[in-house]
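Structure file model_33.cif; described as mmCIF, C-alpha atoms and all ligand atoms.
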```
data_input
#
loop_
_atom_site.label_atom_id
_atom_site.label_comp_id
_atom_site.auth_asym_id
_atom_site.auth_seq_id
_atom_site.Cartn_x
_atom_site.Cartn_y
_atom_site.Cartn_z
CA MET A 1 -18.13 12.28 4.72
CA LYS A 2 -14.73 11.41 3.26
CA ASN A 3 -14.46 8.01 1.56
CA ILE A 4 -11.56 6.30 3.31
CA ILE A 5 -9.91 3.47 1.37
CA ILE A 6 -9.09 0.45 3.54
CA ALA A 7 -6.54 -2.10 2.34
CA PRO A 8 -6.03 -5.11 4.63
CA SER A 9 -2.51 -6.51 4.23
CA VAL A 10 -2.61 -10.18 3.31
CA LEU A 11 0.88 -10.57 4.84
CA ALA A 12 -0.88 -10.93 8.19
CA ALA A 13 -3.40 -13.53 6.95
CA ASP A 14 -3.24 -17.22 7.85
CA PHE A 15 -1.52 -18.68 4.77
CA ALA A 16 -2.85 -22.14 5.59
CA ASN A 17 -6.36 -20.69 5.39
CA LEU A 18 -5.82 -18.15 2.67
CA GLN A 19 -9.10 -18.69 0.85
CA ARG A 20 -11.01 -18.24 4.12
CA ASP A 21 -9.19 -14.97 4.80
CA VAL A 22 -9.69 -13.73 1.22
CA GLU A 23 -13.43 -14.39 1.57
CA MET A 24 -13.42 -12.51 4.87
CA VAL A 25 -12.04 -9.45 3.06
CA ASN A 26 -14.47 -9.95 0.13
CA ASN A 27 -17.36 -9.85 2.57
CA SER A 28 -16.08 -6.85 4.51
CA GLN A 29 -16.13 -3.10 3.91
CA ALA A 30 -12.50 -3.20 2.73
CA ASP A 31 -11.70 -1.64 -0.63
CA TRP A 32 -8.47 -3.33 -1.74
CA PHE A 33 -6.30 -6.33 -0.96
CA HIS A 34 -2.82 -5.06 -0.02
CA ILE A 35 -0.22 -7.51 -1.33
CA ASP A 36 3.33 -7.22 0.06
CA VAL A 37 6.05 -8.65 -2.18
CA MET A 38 9.49 -8.88 -0.52
CA ASP A 39 12.61 -10.20 -2.22
CA GLY A 40 15.08 -10.66 0.63
CA ALA A 41 17.37 -8.08 -0.99
CA PHE A 42 15.63 -4.70 -0.92
CA VAL A 43 14.18 -5.66 2.47
CA PRO A 44 15.51 -8.22 4.97
CA ASN A 45 12.59 -10.61 4.52
CA ILE A 46 10.98 -12.78 1.85
CA SER A 47 7.18 -12.92 1.66
CA PHE A 48 5.56 -14.65 -1.31
CA GLY A 49 5.56 -14.48 -5.08
CA MET A 50 3.56 -15.04 -8.24
CA PRO A 51 1.81 -18.38 -7.54
CA VAL A 52 0.40 -17.12 -4.24
CA ILE A 53 -0.79 -13.84 -5.77
CA GLU A 54 -2.40 -15.75 -8.64
CA ALA A 55 -4.21 -17.92 -6.10
CA ILE A 56 -5.41 -14.86 -4.16
CA ASN A 57 -6.60 -13.27 -7.39
CA ARG A 58 -8.70 -16.32 -8.25
CA HIS A 59 -10.85 -15.65 -5.18
CA ALA A 60 -10.47 -11.89 -4.61
CA LYS A 61 -13.47 -9.77 -5.58
CA LYS A 62 -11.66 -6.48 -4.92
CA PRO A 63 -8.66 -4.79 -6.55
CA LEU A 64 -5.15 -5.99 -5.73
CA ASP A 65 -2.91 -3.21 -4.39
CA VAL A 66 0.54 -4.68 -5.01
CA HIS A 67 3.39 -3.17 -2.95
CA LEU A 68 6.72 -4.21 -4.46
CA MET A 69 9.56 -4.26 -1.94
CA ILE A 70 11.96 -5.60 -4.54
CA GLU A 71 15.05 -4.36 -6.35
CA LYS A 72 14.63 -3.34 -9.99
CA PRO A 73 10.87 -3.95 -10.09
CA ASP A 74 10.78 -3.13 -13.82
CA ARG A 75 11.74 -6.74 -14.51
CA TYR A 76 8.41 -8.07 -13.25
CA LEU A 77 5.79 -5.37 -13.92
CA GLU A 78 4.16 -7.17 -16.84
CA GLU A 79 3.98 -10.38 -14.86
CA PHE A 80 2.32 -8.65 -11.90
CA LYS A 81 -0.24 -7.15 -14.26
CA ARG A 82 -0.88 -10.57 -15.80
CA ILE A 83 -1.58 -12.17 -12.44
CA GLY A 84 -4.07 -9.53 -11.41
CA ALA A 85 -2.43 -6.38 -10.04
CA THR A 86 -4.69 -3.31 -10.19
CA ASN A 87 -2.35 -0.91 -8.38
CA ILE A 88 1.42 -1.32 -8.52
CA THR A 89 3.55 0.68 -6.10
CA VAL A 90 7.35 0.72 -6.36
CA HIS A 91 9.89 2.09 -3.93
CA TYR A 92 11.69 5.27 -4.94
CA GLU A 93 14.76 3.75 -3.25
CA ALA A 94 14.64 0.65 -5.50
CA CYS A 95 14.29 2.34 -8.90
CA THR A 96 17.11 3.96 -10.83
CA HIS A 97 14.73 5.41 -13.43
CA ILE A 98 11.59 6.05 -11.41
CA HIS A 99 9.94 8.17 -14.12
CA ARG A 100 10.30 5.38 -16.67
CA THR A 101 9.03 2.79 -14.21
CA LEU A 102 5.91 4.85 -13.47
CA GLN A 103 5.22 5.22 -17.20
CA GLN A 104 5.61 1.46 -17.66
CA ILE A 105 3.11 0.75 -14.90
CA LYS A 106 0.63 3.17 -16.47
CA SER A 107 1.13 1.73 -19.94
CA LEU A 108 0.03 -1.63 -18.52
CA GLY A 109 -3.22 0.01 -17.43
CA CYS A 110 -2.41 -0.12 -13.71
CA VAL A 111 -2.63 2.60 -11.08
CA ALA A 112 0.97 3.74 -10.55
CA GLY A 113 2.36 4.64 -7.16
CA VAL A 114 5.67 5.57 -5.57
CA VAL A 115 6.55 4.37 -2.07
CA LEU A 116 8.84 6.34 0.25
CA ASN A 117 10.66 4.80 3.20
CA PRO A 118 10.44 6.68 6.51
CA GLY A 119 13.95 8.06 5.96
CA THR A 120 13.27 9.37 2.45
CA SER A 121 12.37 13.03 2.06
CA LEU A 122 9.23 14.20 0.26
CA SER A 123 11.52 16.41 -1.81
CA VAL A 124 12.28 13.42 -4.10
CA LEU A 125 8.69 13.71 -5.33
CA ASP A 126 9.24 17.20 -6.66
CA GLU A 127 9.67 16.21 -10.32
CA ILE A 128 7.49 13.10 -10.39
CA LEU A 129 4.43 13.98 -8.34
CA PRO A 130 2.28 14.72 -11.42
CA ASP A 131 3.16 11.23 -12.73
CA CYS A 132 2.04 9.46 -9.55
CA ASP A 133 -1.55 8.26 -9.25
CA MET A 134 -0.68 7.43 -5.65
CA VAL A 135 2.05 8.03 -3.08
CA LEU A 136 2.51 5.40 -0.38
CA LEU A 137 4.29 6.66 2.72
CA MET A 138 5.83 3.94 4.88
CA SER A 139 5.13 4.55 8.56
CA VAL A 140 7.49 1.70 9.53
CA ASN A 141 10.68 0.51 7.87
CA PRO A 142 9.50 -2.03 5.30
CA GLY A 143 10.06 -5.75 5.72
CA PHE A 144 7.82 -6.93 8.53
CA GLY A 145 4.27 -6.66 9.79
CA GLY A 146 3.45 -5.77 13.38
CA GLN A 147 6.00 -2.97 13.84
CA LYS A 148 5.57 0.21 15.84
CA PHE A 149 4.18 3.24 14.01
CA ILE A 150 6.69 6.07 13.47
CA GLU A 151 5.11 9.23 14.87
CA SER A 152 6.79 11.69 12.49
CA THR A 153 4.59 10.25 9.72
CA TYR A 154 1.70 12.54 10.67
CA ASP A 155 3.67 15.63 9.80
CA LYS A 156 4.94 14.02 6.59
CA VAL A 157 1.31 13.32 5.58
CA ARG A 158 0.33 16.93 6.28
CA ARG A 159 3.20 18.21 4.14
CA LEU A 160 2.40 15.79 1.30
CA ARG A 161 -1.29 16.81 1.44
CA GLN A 162 -0.17 20.40 1.07
CA MET A 163 2.11 19.58 -1.90
CA ILE A 164 -0.71 17.73 -3.69
CA ASP A 165 -3.38 20.34 -3.00
CA SER A 166 -1.21 23.31 -3.88
CA ARG A 167 -0.54 21.77 -7.30
CA GLY A 168 -4.20 20.93 -7.85
CA LEU A 169 -3.48 17.20 -8.17
CA ASN A 170 -5.66 14.32 -7.00
CA THR A 171 -2.90 11.91 -6.03
CA ILE A 172 -4.00 9.32 -3.47
CA ILE A 173 -2.06 9.32 -0.17
CA GLU A 174 -1.74 5.79 1.21
CA ILE A 175 -0.08 4.89 4.53
CA ASP A 176 1.42 1.53 5.45
CA GLY A 177 2.69 0.20 8.78
CA GLY A 178 1.45 0.21 12.36
CA VAL A 179 -2.04 1.40 11.43
CA ASN A 180 -4.69 0.88 14.10
CA GLN A 181 -7.82 2.80 15.09
CA GLU A 182 -5.85 5.50 16.89
CA THR A 183 -3.04 6.03 14.36
CA GLY A 184 -5.55 5.60 11.52
CA THR A 185 -7.76 8.39 12.85
CA LYS A 186 -4.82 10.77 13.20
CA LEU A 187 -3.62 9.86 9.69
CA ILE A 188 -7.00 10.66 8.17
CA GLU A 189 -7.02 13.95 10.10
CA ALA A 190 -3.59 14.69 8.64
CA GLY A 191 -4.88 14.16 5.10
CA ALA A 192 -4.39 10.48 4.22
CA ASP A 193 -6.84 8.81 1.80
CA ALA A 194 -5.97 5.11 2.12
CA LEU A 195 -4.91 3.00 5.10
CA VAL A 196 -3.12 -0.36 4.93
CA ALA A 197 -3.63 -2.52 8.02
CA GLY A 198 -2.18 -5.97 8.57
CA SER A 199 -1.86 -7.25 12.11
CA PHE A 200 -4.51 -4.87 13.45
CA VAL A 201 -7.11 -6.47 11.16
CA PHE A 202 -6.06 -10.11 11.00
CA ASN A 203 -5.17 -10.49 14.70
CA ALA A 204 -8.44 -8.89 15.82
CA PRO A 205 -11.15 -11.06 17.38
CA ASP A 206 -13.55 -9.71 14.74
CA PRO A 207 -11.59 -8.68 11.61
CA GLN A 208 -14.67 -7.51 9.68
CA ALA A 209 -15.77 -5.22 12.51
CA THR A 210 -12.20 -3.91 12.73
CA ILE A 211 -12.25 -3.11 9.00
CA ALA A 212 -15.66 -1.42 9.40
CA ASN A 213 -14.34 0.71 12.26
CA LEU A 214 -11.43 1.92 10.13
CA LYS A 215 -13.69 2.54 7.14
CA ASN A 216 -16.02 4.65 9.25
CA ILE A 217 -13.42 6.85 10.95
CA GLN A 218 -15.02 10.27 11.47
CA ILE A 219 -12.95 13.42 11.55
C1 LIG A 301 5.58 -3.84 5.81
C2 LIG A 301 4.45 -4.05 4.85
C3 LIG A 301 3.14 -3.76 5.44
C4 LIG A 301 2.72 -4.67 6.56
C5 LIG A 301 1.86 -3.88 7.49
O1 LIG A 301 6.78 -3.91 5.17
O2 LIG A 301 4.61 -3.23 3.72
O3 LIG A 301 2.12 -3.73 4.44
O4 LIG A 301 2.04 -5.81 6.13
O5 LIG A 301 1.63 -4.61 8.64
P1 LIG A 301 1.10 -3.93 9.98
O6 LIG A 301 -0.21 -3.28 9.65
O7 LIG A 301 0.97 -5.11 10.90
O8 LIG A 301 2.13 -2.93 10.44
ZN ZN A 302 2.84 -2.95 2.34
#
```

Written as structure tokens, how would this file's structure read?
Amino acid sequence: MKNIIIAPSVLAADFANLQRDVEMVNNSQADWFHIDVMDGAFVPNISFGMPVIEAINRHAKKPLDVHLMIEKPDRYLEEFKRIGATNITVHYEACTHIHRTLQQIKSLGCVAGVVLNPGTSLSVLDEILPDCDMVLLMSVNPGFGGQKFIESTYDKVRRLRQMIDSRGLNTIIEIDGGVNQETGTKLIEAGADALVAGSFVFNAPDPQATIANLKNIQI
């Protein structure tokens, strides 16, 4: 059975009860904490910054998967590492020198990933795929939780799976936005390895059971 990585997105947690929600994830079958950083410039929303991530990291017993929706992320990579980032993913659209940025993330000892917006072609990965530990495909336009899943993502996942396999790489395919049991199952069928889920998990009557159901998707 395939090991599916589940990364609940803290953006959908109750920020007034953050420790409670972090413990919920600690005691669930989830693999990573997905941490969405938005700067109000690259995306039309502002989420949270360093002090909140530091606070999460004090209680989190699982790796922090930090998704940077910020312009020129190079400025803050060291700081994100210092406050606990395990994975750092940066948007292709936000980096002028994506190859350099990936090398910087790796030199910090973090897992390095590139994120592509729904409107960005897989062809931009052509030169840099071997340098990516992970590729995160957005299945909504970044900026907000709770948006509708974009159906063309399935085909994009299949094509990325093919690119990775045909080159003999073991790059992780992560998907973010509108993931629920139905879209999650189809994404795993299409070749995804890791699923981010925000509102589907945190708005569920039983978040831990919801995480378990995603983790145990059978294809
Ligand atoms: C969107 C964020 C997502 C978001 C997902 O810009 O990157 O991680 O939290 O939320 P849902 O799962 O509710 O679509
Ligand atoms: Zn995200």

Could you check which of A:Lys148, A:His99, A:Lys2, A:Arg82 is closest to ligand LIG 301 (chain A), using only C-alpha atoms and all ligand atoms? A:Lys148

6 Å contact set for region 29-39 of chain A, only C-alpha atoms, chain neighbours under 2 positions out, as a list in words: Ile5, Ile6, Ala7, Pro8, Ser9, Val10, Ala41, Ile46, Ser47, Lys62, Pro63, Leu64, Asp65, Val66, His67, Leu68, Met69, Ile70 and Ala212 of chain A

For CA of Ile128 (chain A) and CA of Arg159 (chain A), determine how far apart the two atoms are, in Å to one decimal place.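 So the two atoms, CA of Ile128 (chain A) and CA of Arg159 (chain A), lie 16.0 Å apart.
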
Atom pair CA of Glu93 (chain A) / CA of Asp176 (chain A): separation (Å):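 Pair CA of Glu93 (chain A) / CA of Asp176 (chain A) returns 16.1 Å.
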
To one decimal place, how far is CA of Glu151 (chain A) from CA of Thr183 (chain A) in Å? 8.8 Å

If we count only C-alpha atoms and set the cut-off at 10 Å, which residues sit around Leu125 (chain A), ignoring sequence neighbours fewer than 6 positions away in its own chain? Please answer as an MDAnalysis selection string. chainID A and resid 92 114 116 131:132 135 160 163

Using all atoms listed in the file, which residues of the polymer chains come no farther than 6 Å from ligand LIG 301 (chain A)? I'd like the answer as a list in words. Ser9, Leu11, Asp36, Pro142, Gly143, Phe144, Gly145, Gly146, Gln147, Asp176, Gly177, Gly178, Val179, Ala197, Gly198, Ser199 and Phe200 of chain A

Nearest residue to Gly168 (chain A) out of A:Ala112, A:Ile98, A:Leu129, A:Met24, using all atoms listed in the file?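 Answer, going by the shortest atom-to-atom distance: A:Leu129.
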
All file atoms of region 137-149 of chain A boxed axis-aligned, 6 Å per side, centre plus edges, as AutoDock Vina command-line options:
```
--center_x 7.1 --center_y -0.1 --center_z 9.3 --size_x 19.2 --size_y 25.6 --size_z 25.1
```

Which is closer to ligand ZN 302 (chain A) than all the others in A:Met1, A:Ile88, A:Leu108, A:Gly119, using all atoms listed in the file? A:Ile88

Can you work out which one of A:Asn45, A:Ser28, A:Gln19, A:Ser152 has the shortest atom-to-atom distance to His59 (chain A), counting all atoms listed in the file?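 Comparing A:Asn45, A:Ser28, A:Gln19, A:Ser152 against His59 (chain A), the winner is A:Gln19.
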
Considering only C-alpha atoms, can you say which of A:Ile83, A:Val201, A:Ala60, A:Ile188 comes closest to Asp14 (chain A)?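 Checking each candidate against Asp14 (chain A), we get A:Val201 as the closest.
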
Mind listing whatever residues come within 9 Å of the point (-9.4, 6.3, 4.9)? Use all atoms listed in the file, file coordinates, and give them as a VMD selection string. chain A and resid 2 to 6 174 184 to 185 187 to 188 192 to 195 214 to 217

Mind dumping the selected residues with C-alpha atoms as an mmCIF file, keeping the file's coordinate frame?
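Written out: out.cif:
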```cif
data_model
loop_
_atom_site.group_PDB
_atom_site.id
_atom_site.type_symbol
_atom_site.label_atom_id
_atom_site.label_comp_id
_atom_site.auth_asym_id
_atom_site.auth_seq_id
_atom_site.Cartn_x
_atom_site.Cartn_y
_atom_site.Cartn_z
ATOM 1 C CA LYS A 2 -14.730 11.410 3.260
ATOM 2 C CA ASN A 3 -14.460 8.010 1.560
ATOM 3 C CA ILE A 4 -11.560 6.300 3.310
ATOM 4 C CA ILE A 5 -9.910 3.470 1.370
ATOM 5 C CA ILE A 6 -9.090 0.450 3.540
ATOM 6 C CA GLU A 174 -1.740 5.790 1.210
ATOM 7 C CA GLY A 184 -5.550 5.600 11.520
ATOM 8 C CA THR A 185 -7.760 8.390 12.850
ATOM 9 C CA LEU A 187 -3.620 9.860 9.690
ATOM 10 C CA ILE A 188 -7.000 10.660 8.170
ATOM 11 C CA ALA A 192 -4.390 10.480 4.220
ATOM 12 C CA ASP A 193 -6.840 8.810 1.800
ATOM 13 C CA ALA A 194 -5.970 5.110 2.120
ATOM 14 C CA LEU A 195 -4.910 3.000 5.100
ATOM 15 C CA LEU A 214 -11.430 1.920 10.130
ATOM 16 C CA LYS A 215 -13.690 2.540 7.140
ATOM 17 C CA ASN A 216 -16.020 4.650 9.250
ATOM 18 C CA ILE A 217 -13.420 6.850 10.950
#
```
